[in-house]
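Printed here is model16.tsv (TSV, C-alpha atoms):
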chain	number	residue	atom	x	y	z
A	251	MET	CA	-8.09	-19.39	4.39
A	252	ARG	CA	-6.24	-18.88	1.18
A	253	SER	CA	-8.02	-15.60	0.60
A	254	GLU	CA	-6.61	-13.87	3.66
A	255	ARG	CA	-3.45	-11.91	3.31
A	256	ALA	CA	-1.81	-9.02	5.04
A	257	LEU	CA	-1.90	-5.47	3.84
A	258	ALA	CA	1.66	-4.80	2.70
A	259	ALA	CA	2.64	-1.21	3.16
A	260	VAL	CA	3.88	-0.35	-0.27
A	261	PHE	CA	3.88	3.41	-0.03
A	262	ALA	CA	1.33	2.92	2.67
A	263	ALA	CA	-1.18	1.29	0.38
A	264	GLY	CA	-0.08	-2.01	-1.02
A	265	LEU	CA	-2.05	-5.21	-0.48
A	266	MET	CA	-0.44	-8.60	-0.12
A	267	LEU	CA	-2.17	-11.91	-0.66
A	268	GLY	CA	-1.34	-15.56	-0.15
A	269	ALA	CA	-2.47	-18.99	0.98
A	270	GLY	CA	-3.66	-19.62	4.52
A	271	CYS	CA	-1.96	-22.94	5.13
A	272	SER	CA	1.36	-21.64	3.83
A	273	GLU	CA	0.98	-17.94	4.49
A	274	PRO	CA	4.04	-16.03	5.73
A	275	GLU	CA	4.37	-16.32	9.48
A	276	SER	CA	6.90	-13.52	9.92
A	277	PHE	CA	7.35	-10.15	8.24
A	278	ILE	CA	10.12	-7.61	7.88
A	279	ILE	CA	8.97	-4.09	7.00
A	280	LEU	CA	11.55	-2.15	5.00
A	281	SER	CA	11.39	1.61	5.62
A	282	LEU	CA	12.99	3.48	2.73
A	283	ARG	CA	14.79	6.79	3.36
A	284	THR	CA	17.42	8.78	1.52
A	285	THR	CA	20.80	9.39	3.16
A	286	THR	CA	20.53	13.12	2.44
A	287	PRO	CA	17.63	15.62	2.42
A	288	THR	CA	17.72	15.62	-1.41
A	289	PRO	CA	14.94	13.30	-2.65
A	290	ILE	CA	15.40	10.61	-5.29
A	291	ASP	CA	12.63	11.33	-7.80
A	292	ASN	CA	10.96	9.46	-10.66
A	293	VAL	CA	11.41	5.96	-9.26
A	294	ALA	CA	9.79	3.50	-11.68
A	295	GLN	CA	10.45	0.28	-9.76
A	296	ILE	CA	12.08	-0.89	-6.55
A	297	GLN	CA	14.22	-4.03	-6.78
A	298	VAL	CA	14.92	-5.93	-3.56
A	299	GLN	CA	17.46	-8.74	-3.46
A	300	VAL	CA	16.69	-10.95	-0.45
A	301	SER	CA	19.65	-13.01	0.80
A	302	GLY	CA	19.00	-15.49	3.60
A	303	SER	CA	18.00	-19.11	3.97
A	304	ARG	CA	16.15	-18.62	0.67
A	305	SER	CA	17.56	-16.03	-1.73
A	306	HIS	CA	15.35	-14.38	-4.33
A	307	THR	CA	14.62	-11.05	-5.99
A	308	LEU	CA	11.44	-9.00	-5.60
A	309	VAL	CA	10.32	-6.12	-7.80
A	310	TYR	CA	7.75	-3.53	-6.70
A	311	GLU	CA	6.11	-0.93	-8.94
A	312	ALA	CA	6.74	2.66	-7.80
A	313	ARG	CA	5.10	4.56	-10.69
A	314	GLY	CA	7.27	7.67	-10.53
A	315	LYS	CA	7.19	8.13	-6.76
A	316	SER	CA	9.79	10.09	-4.82
A	317	ILE	CA	11.87	8.65	-1.98
A	318	ASN	CA	12.95	11.17	0.65
A	319	GLN	CA	13.45	11.63	4.39
A	320	THR	CA	9.93	12.88	5.12
A	321	ASP	CA	7.30	10.69	3.47
A	322	LEU	CA	6.70	7.19	4.80
A	323	ARG	CA	7.71	4.65	2.11
A	324	THR	CA	7.60	1.02	3.23
A	325	LEU	CA	7.69	-2.46	1.72
A	326	SER	CA	6.62	-5.68	3.42
A	327	VAL	CA	8.47	-8.98	2.89
A	328	GLY	CA	6.91	-12.18	4.22
A	329	PHE	CA	8.71	-15.32	5.41
A	330	SER	CA	7.36	-18.83	5.93
A	331	HIS	CA	7.53	-20.69	9.24
A	332	GLY	CA	10.69	-22.51	8.14
A	333	GLU	CA	12.72	-19.37	7.44
A	334	THR	CA	14.86	-18.05	10.32
A	335	GLY	CA	18.08	-16.15	11.00
A	336	ASN	CA	19.52	-13.01	9.46
A	337	VAL	CA	18.34	-11.70	6.10
A	338	THR	CA	20.20	-9.13	4.02
A	339	PHE	CA	18.20	-6.83	1.76
A	340	THR	CA	19.90	-5.02	-1.13
A	341	VAL	CA	17.55	-2.34	-2.42
A	342	ASP	CA	17.88	-0.55	-5.77
A	343	LEU	CA	15.62	2.27	-6.92
A	344	LEU	CA	15.20	1.86	-10.68
A	345	ASN	CA	14.36	4.46	-13.31
A	346	ASN	CA	12.28	3.73	-16.41
A	347	LEU	CA	15.39	2.39	-18.20
A	348	GLY	CA	16.06	-0.18	-15.49
A	349	CYS	CA	19.11	1.67	-14.18
A	350	SER	CA	19.65	2.01	-10.44
A	351	ILE	CA	19.39	5.64	-9.27
A	352	GLY	CA	19.65	4.82	-5.57
A	353	ASN	CA	21.04	1.93	-3.56
A	354	GLY	CA	21.10	0.72	0.02
A	355	LYS	CA	21.60	-2.43	2.08
A	356	VAL	CA	20.41	-3.56	5.50
A	357	THR	CA	20.47	-6.79	7.53
A	358	GLN	CA	17.69	-7.75	9.91
A	359	THR	CA	16.85	-10.88	11.92
A	360	ILE	CA	13.58	-12.73	11.30
A	361	LYS	CA	11.55	-12.80	14.49
A	362	LYS	CA	9.38	-15.87	14.11
A	363	GLY	CA	5.70	-15.04	14.26
A	364	ASN	CA	6.32	-11.29	14.53
A	365	THR	CA	6.82	-8.19	12.42
A	366	VAL	CA	10.03	-6.14	12.68
A	367	GLU	CA	11.25	-3.02	10.89
A	368	ALA	CA	14.50	-2.45	9.04
A	369	ILE	CA	15.50	1.04	7.88
A	370	VAL	CA	17.15	1.13	4.46
A	371	SER	CA	19.31	4.22	3.90
A	372	LEU	CA	19.46	4.87	0.16
A	373	ALA	CA	22.32	6.79	-1.45
A	374	ALA	CA	21.71	8.43	-4.83
A	375	GLY	CA	23.88	7.24	-7.73
A	376	LEU	CA	23.53	5.97	-11.29
A	377	ASN	CA	24.32	2.32	-12.06
A	378	CYS	CA	23.07	0.76	-15.30
A	379	SER	CA	24.97	-2.50	-14.94
A	380	ILE	CA	21.95	-4.11	-13.25
A	381	ALA	CA	19.46	-3.07	-15.92
A	382	ASP	CA	18.84	-6.62	-17.15
A	383	GLY	CA	19.53	-8.50	-13.92
A	384	GLY	CA	17.34	-9.91	-11.19
A	385	THR	CA	14.05	-11.23	-12.51
A	386	PRO	CA	11.26	-11.88	-9.99
A	387	GLU	CA	9.83	-15.39	-9.72
A	388	VAL	CA	6.65	-14.12	-11.38
A	389	PRO	CA	6.93	-11.03	-13.60
A	390	SER	CA	5.96	-7.87	-11.78
A	391	GLY	CA	2.58	-6.53	-12.81
A	392	SER	CA	1.31	-9.97	-13.84
A	393	THR	CA	-2.30	-10.98	-14.35
A	394	LEU	CA	-3.03	-14.52	-13.20
A	395	PRO	CA	-4.96	-17.29	-14.94
A	396	GLY	CA	-8.48	-18.05	-13.79
A	397	CYS	CA	-11.37	-15.74	-13.01
A	398	ASP	CA	-11.47	-11.93	-13.10
A	399	PRO	CA	-11.35	-10.44	-9.56
A	400	VAL	CA	-13.07	-7.24	-10.71
A	401	ASN	CA	-15.89	-9.01	-12.58
A	402	PRO	CA	-16.26	-12.60	-11.31
A	403	GLN	CA	-19.38	-12.87	-13.48
A	404	PRO	CA	-18.30	-11.10	-16.71
A	405	PRO	CA	-21.13	-9.68	-18.86
A	406	ASP	CA	-20.13	-11.86	-21.81
A	407	GLY	CA	-20.31	-15.00	-19.70
A	408	GLY	CA	-16.54	-15.64	-19.83
A	409	SER	CA	-14.77	-17.79	-22.34
A	410	ASP	CA	-14.04	-21.09	-20.63
A	411	ASN	CA	-14.49	-23.22	-17.54
A	412	ASP	CA	-11.04	-24.81	-17.25
A	413	GLY	CA	-9.57	-22.31	-14.82
A	414	GLY	CA	-8.29	-20.03	-17.54
A	415	ALA	CA	-5.43	-22.37	-18.39
A	416	ASP	CA	-5.69	-21.52	-22.07
A	417	GLY	CA	-5.77	-17.78	-21.46
A	418	GLY	CA	-9.55	-17.50	-21.19
A	419	VAL	CA	-11.47	-16.18	-18.20
A	420	LEU	CA	-13.20	-18.53	-15.79
A	421	THR	CA	-16.75	-17.45	-14.93
A	422	CYS	CA	-17.80	-17.66	-11.28
A	423	THR	CA	-21.37	-18.32	-10.21
A	424	SER	CA	-23.59	-15.54	-8.90
A	425	THR	CA	-22.81	-16.48	-5.29
A	426	GLN	CA	-19.03	-16.70	-5.72
A	427	THR	CA	-16.25	-14.14	-5.61
A	428	CYS	CA	-12.88	-14.38	-7.36
A	429	GLN	CA	-9.90	-14.58	-5.02
A	430	VAL	CA	-6.28	-13.88	-5.95
A	431	ASP	CA	-4.41	-16.92	-4.63
A	432	CYS	CA	-0.68	-16.24	-4.50
A	433	THR	CA	0.41	-19.58	-3.07
A	434	PRO	CA	-2.02	-22.42	-3.84
A	435	PRO	CA	-1.49	-25.84	-2.23
A	436	ASN	CA	1.04	-28.34	-3.55
A	437	ASN	CA	3.36	-25.61	-4.87
A	438	ALA	CA	0.95	-24.82	-7.69
A	439	ALA	CA	1.45	-21.64	-9.70
A	440	PRO	CA	-0.35	-18.48	-8.52
A	441	ARG	CA	-3.89	-18.24	-9.89
A	442	ASN	CA	-7.32	-16.69	-9.43
A	443	GLU	CA	-10.06	-18.93	-8.07
A	444	CYS	CA	-13.84	-18.86	-7.72
A	445	VAL	CA	-14.73	-19.32	-4.04
A	446	PRO	CA	-17.99	-18.92	-2.09
A	447	GLY	CA	-18.79	-15.25	-1.53
A	448	GLY	CA	-21.06	-13.37	0.84
A	449	THR	CA	-22.90	-10.08	1.14
A	450	GLY	CA	-20.30	-7.83	2.79
A	451	ALA	CA	-19.83	-4.55	0.91
A	452	PRO	CA	-16.41	-2.87	0.47
A	453	GLY	CA	-15.18	-1.64	3.84
A	454	THR	CA	-17.14	-4.26	5.79
A	455	ALA	CA	-15.35	-6.28	8.47
A	456	CYS	CA	-14.74	-9.90	7.45
A	457	ASN	CA	-13.16	-13.13	8.62
A	458	THR	CA	-12.98	-14.98	5.29
A	459	ASN	CA	-13.92	-14.44	1.65
A	460	ALA	CA	-17.27	-16.02	2.44
A	461	ASP	CA	-18.16	-12.72	4.13
A	462	CYS	CA	-17.42	-10.56	1.06
A	463	GLN	CA	-19.65	-9.89	-1.94
A	464	PRO	CA	-18.52	-10.76	-5.50
A	465	GLY	CA	-15.86	-8.35	-6.74
A	466	THR	CA	-14.30	-8.00	-3.30
A	467	GLN	CA	-11.90	-10.04	-1.18
A	468	CYS	CA	-11.11	-10.28	2.54
A	469	PHE	CA	-7.77	-8.59	3.27
A	470	ASN	CA	-5.86	-8.83	6.54
A	471	TYR	CA	-4.03	-5.72	7.84
A	472	THR	CA	-2.23	-7.56	10.67
A	473	SER	CA	1.29	-7.26	9.23
A	474	THR	CA	1.02	-3.47	9.21
A	475	GLY	CA	0.15	-3.17	12.85
A	476	CYS	CA	-3.56	-3.65	13.51
A	477	ALA	CA	-5.85	-6.67	13.78
A	478	VAL	CA	-8.29	-5.58	11.09
A	479	LYS	CA	-9.81	-7.62	8.27
A	480	LEU	CA	-11.88	-5.87	5.61
A	481	CYS	CA	-13.61	-6.61	2.33
A	482	LEU	CA	-11.89	-4.49	-0.33
A	483	ARG	CA	-13.20	-3.80	-3.83
A	484	PHE	CA	-11.10	-4.83	-6.83
A	485	CYS	CA	-11.03	-2.30	-9.66
A	486	ASN	CA	-9.75	-1.59	-13.16
A	487	THR	CA	-10.33	2.18	-13.24
A	488	ASN	CA	-11.54	4.96	-10.96
A	489	VAL	CA	-15.05	4.46	-12.39
A	490	ASP	CA	-15.21	1.12	-10.55
A	491	CYS	CA	-14.60	2.99	-7.27
A	492	ALA	CA	-17.07	5.87	-7.73
A	493	ALA	CA	-19.98	4.22	-5.93
A	494	PHE	CA	-17.81	3.12	-3.01
A	495	GLY	CA	-16.45	6.66	-2.59
A	496	ALA	CA	-19.77	8.44	-2.94
A	497	SER	CA	-20.55	8.47	0.78
A	498	GLY	CA	-17.08	9.40	2.06
A	499	GLY	CA	-15.84	12.73	3.33
A	500	GLY	CA	-12.64	12.98	1.30
A	501	PRO	CA	-11.63	13.67	-2.31
A	502	GLY	CA	-13.05	10.37	-3.62
A	503	SER	CA	-12.17	6.70	-3.93
A	504	PHE	CA	-9.56	5.82	-6.55
A	505	CYS	CA	-8.21	2.66	-8.15
A	506	GLU	CA	-4.80	3.08	-6.55
A	507	GLY	CA	-4.27	0.25	-4.03
A	508	PRO	CA	-1.71	-2.17	-5.55
A	509	VAL	CA	-2.36	-5.83	-4.73
A	510	MET	CA	0.81	-7.72	-3.85
A	511	CYS	CA	1.71	-11.35	-3.45
A	512	PRO	CA	4.64	-12.10	-1.11
A	513	ALA	CA	7.09	-12.36	-4.03
A	514	PHE	CA	5.65	-10.15	-6.76
A	515	LEU	CA	3.30	-7.31	-7.54
A	516	THR	CA	0.15	-8.33	-9.38
A	517	ALA	CA	-1.64	-6.28	-12.05
A	518	TYR	CA	-4.65	-5.89	-9.77
A	519	HIS	CA	-5.75	-2.93	-7.67
A	520	THR	CA	-8.30	-2.13	-4.99
A	521	CYS	CA	-10.32	1.00	-4.34
A	522	THR	CA	-8.90	3.37	-1.75
A	523	PHE	CA	-11.08	4.67	1.08
A	524	ASN	CA	-12.63	8.10	0.58
A	525	CYS	CA	-11.69	9.26	4.07
A	526	ASP	CA	-11.36	12.74	5.56
A	527	PRO	CA	-7.74	13.53	6.61
A	528	ARG	CA	-8.51	16.84	8.35
A	529	ALA	CA	-7.65	17.40	12.00
A	530	THR	CA	-11.31	18.11	12.78
A	531	ALA	CA	-12.25	14.62	11.54
A	532	ALA	CA	-9.46	12.71	13.34
A	533	ALA	CA	-11.55	11.90	16.42
A	534	ALA	CA	-13.90	9.91	14.17
A	535	ARG	CA	-10.94	8.32	12.33
A	536	GLY	CA	-11.80	10.38	9.26
A	537	GLY	CA	-14.64	7.99	8.54
A	538	CYS	CA	-12.34	4.93	8.40
A	539	PRO	CA	-13.38	1.51	9.70
A	540	ALA	CA	-12.56	0.76	13.34
A	541	GLY	CA	-8.83	0.23	13.91
A	542	LEU	CA	-7.73	2.35	10.93
A	543	ALA	CA	-7.01	6.05	10.52
A	544	CYS	CA	-7.15	8.42	7.55
A	545	VAL	CA	-3.63	9.18	6.30
A	546	THR	CA	-2.11	11.07	3.39
A	547	PRO	CA	0.45	8.59	1.95
A	548	ALA	CA	1.55	10.93	-0.84
A	549	ALA	CA	1.04	14.35	-2.37
A	550	MET	CA	-1.72	15.46	-4.75
A	551	ASP	CA	-4.46	15.09	-2.11
A	552	GLU	CA	-4.15	11.30	-1.91
A	553	VAL	CA	-5.79	9.77	1.15
A	554	ASP	CA	-6.51	6.25	2.38
A	555	CYS	CA	-7.35	4.33	5.54
A	556	ALA	CA	-4.38	2.52	7.08
A	557	CYS	CA	-3.11	1.18	10.38
A	558	PRO	CA	-1.84	4.19	12.36
A	559	GLU	CA	1.80	3.66	13.32
A	560	ALA	CA	2.55	3.49	17.03
A	561	THR	CA	4.91	6.44	16.52
A	562	ARG	CA	2.04	8.81	15.63
A	563	THR	CA	1.98	10.50	19.03
A	564	LYS	CA	3.12	14.07	18.37
A	565	LEU	CA	0.63	16.91	18.49
A	566	GLU	CA	0.15	20.10	16.53
A	567	GLY	CA	3.23	22.30	16.89
A	568	ASP	CA	5.55	19.46	17.95
A	569	ALA	CA	8.81	18.88	16.12
A	570	CYS	CA	8.84	15.83	13.79
A	571	THR	CA	11.23	14.00	11.50
A	572	GLN	CA	8.78	12.01	9.37
A	573	ALA	CA	5.08	11.75	8.54
A	574	ALA	CA	4.65	8.78	10.90
A	575	ASP	CA	5.58	10.96	13.91
A	576	CYS	CA	2.43	13.09	13.77
A	577	ALA	CA	-0.96	12.03	15.11
A	578	PRO	CA	-3.75	11.37	12.58
A	579	GLY	CA	-5.08	14.65	11.21
A	580	LEU	CA	-1.61	16.18	11.21
A	581	LEU	CA	1.14	16.46	8.61
A	582	CYS	CA	4.90	16.71	9.14
A	583	ASN	CA	5.62	19.94	7.29
A	584	GLN	CA	9.05	21.44	6.62
A	585	MET	CA	9.51	25.22	6.58
A	586	SER	CA	12.86	27.01	6.67
A	587	GLY	CA	14.63	23.74	7.47
A	588	THR	CA	12.40	22.94	10.45
A	589	LYS	CA	9.87	20.11	10.47
A	590	THR	CA	6.71	20.56	12.52
A	591	CYS	CA	3.41	18.68	12.91
A	592	ARG	CA	0.70	20.86	11.37
A	593	ALA	CA	-3.07	20.35	11.35
A	594	ILE	CA	-4.57	19.38	7.99
A	595	CYS	CA	-7.39	21.64	6.81
A	596	ARG	CA	-9.63	22.22	3.79
A	597	CYS	CA	-7.97	24.67	1.42
A	598	ASP	CA	-9.36	24.40	-2.15
A	599	ALA	CA	-6.38	26.31	-3.52
A	600	ASN	CA	-6.82	28.43	-6.64
A	601	ALA	CA	-4.33	28.87	-9.48
A	602	ALA	CA	-2.52	31.54	-7.49
A	603	GLY	CA	-1.95	29.14	-4.57
A	604	ALA	CA	-4.43	30.82	-2.22
A	605	CYS	CA	-7.01	28.90	-0.19
A	606	THR	CA	-10.61	29.61	-1.18
A	607	ALA	CA	-12.51	27.45	1.34
A	608	THR	CA	-15.12	29.66	3.00
A	609	THR	CA	-14.96	27.93	6.41
A	610	ASN	CA	-11.83	28.03	8.54
A	611	ASP	CA	-11.65	24.51	10.00
A	612	CYS	CA	-8.31	24.92	11.77
A	613	PRO	CA	-8.77	23.68	15.36
A	614	LYS	CA	-6.19	26.00	16.95
A	615	ALA	CA	-7.26	29.59	17.56
A	616	GLY	CA	-5.40	32.17	15.53
A	617	THR	CA	-4.45	29.79	12.69
A	618	THR	CA	-5.85	29.65	9.17
A	619	CYS	CA	-5.52	27.22	6.28
A	620	ARG	CA	-2.58	27.71	3.91
A	621	ALA	CA	-1.86	25.94	0.63
A	622	VAL	CA	0.75	23.17	0.44
A	623	THR	CA	2.87	22.31	-2.60
A	624	ASN	CA	1.37	19.53	-4.75
A	625	ASN	CA	-1.98	19.68	-2.95
A	626	THR	CA	-5.12	21.52	-3.96
A	627	ILE	CA	-7.95	20.27	-1.75
A	628	TYR	CA	-6.05	20.16	1.54
A	629	GLY	CA	-3.60	22.52	3.23
A	630	ILE	CA	-2.06	23.07	6.67
A	631	CYS	CA	-2.98	25.37	9.53
A	632	LEU	CA	-0.51	28.20	10.20

Do you think you could lay out the structure here as structure tokens?
Amino acid sequence: MRSERALAAVFAAGLMLGAGCSEPESFIILSLRTTTPTPIDNVAQIQVQVSGSRSHTLVYEARGKSINQTDLRTLSVGFSHGETGNVTFTVDLLNNLGCSIGNGKVTQTIKKGNTVEAIVSLAAGLNCSIADGGTPEVPSGSTLPGCDPVNPQPPDGGSDNDGGADGGVLTCTSTQTCQVDCTPPNNAAPRNECVPGGTGAPGTACNTNADCQPGTQCFNYTSTGCAVKLCLRFCNTNVDCAAFGASGGGPGSFCEGPVMCPAFLTAYHTCTFNCDPRATAAAARGGCPAGLACVTPAAMDEVDCACPEATRTKLEGDACTQAADCAPGLLCNQMSGTKTCRAICRCDANAAGACTATTNDCPKAGTTCRAVTNNTIYGICL
């Protein structure tokens, strides 16, 4: 099943694709953290030099994100069945000039057929000597030849039928969907292909692409910790996600899910889930499909459905060190140097930073919703 690929946790939301017969058998999840409480801000890209039985360089888009000791920031690197032994990862956080503003190194052993974690401690520092070094095997942010995953049947009928080899767009039939194929057979270059589609809407459980309607693809979340396969909607802008998000309980569905191949980030995106991250919705998974939970991977009221980490066991009021410590519906919040799991609530903060929501949905008696920096819709119960 060349359409099936694991959900790579790139800032908790990256999607990784590949070919079934040669898909990575083992994964190492890199957890990125700073060595000090001071965050490393405005990260444009993350460059990872992989040194093992096969050495190569990967580049991931970060789009101005911040790396710190609180927010969960992870990358997934896949390895084929023939790759074994120790692998060393040298990670550089790059600014928009290509200079390294943070660096760290870690060595981990590939566990064949399994997923293991490696924590990368990143020290801040400026180094512009690598600005032009390390090019990924396929340029990061690349579009691929072939059909258009967002519009497999383009309104203009497409421009050719030769697989897009001349730069045109291959038109799929009305019953086909367009899959992103990272590793086609016979070592062919990555491409997009028209394959039989189905009727499954975005968010529907699937086994193969044949279960998913045109404009979607079957994605496998296994590498991030849960045996879930879902049809996800490709998108160009937030407008493409509006219909999918209309029935959710959160702030909306957005074109934010980066689609990754094992060795490079593509130009494609998928629609996030419009889930409800509040503590009062956690029992129903925030409206997420079975096996997933509603999480807040970043600030600015961003939410999505993801595999809940096994570490999410701490309850409201418990001490925490990172977001992944707190149960779904809770946030690891730092106040006066102390980090505590706090219940997420509806705030609707005004310009003065005061919550205006008329209903107090904090589950613990005696607590009310308070605004949180960089969030407007949601706050925490204090």

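Between A:Ala593 and the residues A:Ile279, A:Val366, A:Cys605, A:Ala529, the shortest atom-to-atom distance, using all atoms listed in the file, involves A:Ala529.
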
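Omitting A:Cys491 and its sequence neighbours fewer than 6 positions away, and counting all atoms listed in the file, the residues within 6 Å are Ser503, Phe504 and Cys521 of chain A.
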
>> With only C-alpha atoms as the counted atoms, please give the residues lying no more than 12 Å from A:Gly567, apart from itself and same-chain residues fewer than 6 positions off, as number ranges by chain.
In response: A: 575-577, 580-584, 588-593, 614, 617, 630-632

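In this model, the gap between atom CA of A:Ala294 and atom CA of A:Gly348 comes to 8.2 Å.
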
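With all atoms listed in the file as the basis for measurement, A:Gln358 is the residue among A:Leu282, A:Thr320, A:Cys505, A:Gln358 that approaches A:Val300 most closely.
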
> Using all atoms listed in the file, which residues sit within 9 Å of A:Thr546 once same-chain residues fewer than 4 positions away are excluded, as a ChimeraX atom specification?
Replying inline: /A:262,527,551-555,573,581

> Quick one, how far is atom CA of A:Thr425 from atom CA of A:Thr516?
Replying inline: 24.7 Å

>> For a test of reading the model, state the distance in Å between atom CA of A:Ala451 and atom CA of A:Thr421, rounded to one decimal.
In response: 20.7 Å

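For A:Asn625, the residues within 12 Å (counting only C-alpha atoms, excluding itself and residues fewer than 4 positions away along the chain) are Pro501, Thr546, Ala548, Ala549, Met550, Asp551, Glu552, Val553, Ile594, Cys595, Arg596, Cys597, Asp598, Ala599, Asn600, Ala601, Gly603, Ala604, Cys605, Arg620, Ala621, Gly629 and Ile630 of chain A.
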
>> So that I can check the surroundings of stretch 455-463 of chain A, please list as a ChimeraX atom specification every protein, DNA and RNA residue that reaches within 6 Å of it, counting all atoms listed in the file and ignoring chain neighbours fewer than 3 positions away.
In response: /A:446-450,466-468,479-481

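Restricting the calculation to all atoms listed in the file, the smallest distance between A:Leu322 and any of A:Val400, A:Cys432, A:Met510, A:Ala574 is found for A:Ala574.
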
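Nearest to A:Asn336 of all the residues A:Ser305, A:Asn436, A:Ser497, A:Gln295 is A:Ser305, based on only C-alpha atoms.
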
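Each of A:Pro512, A:Pro404, A:Gly354, A:Gly541 was compared to A:Phe277 using only C-alpha atoms, and A:Pro512 turns out to be the nearest.
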
> For A:Ala560, which residue out of A:Gly375, A:Pro434, A:Pro578, A:Pro508 is the nearest one, using all atoms listed in the file?
Replying inline: A:Pro578

> So which residues fall inside 12 Å of (12.0, -22.3, 9.4) if we count all atoms listed in the file? Mind giving them as a VMD selection string?
Replying inline: chain A and resid 274 to 276 302 to 304 329 to 336 360 to 363
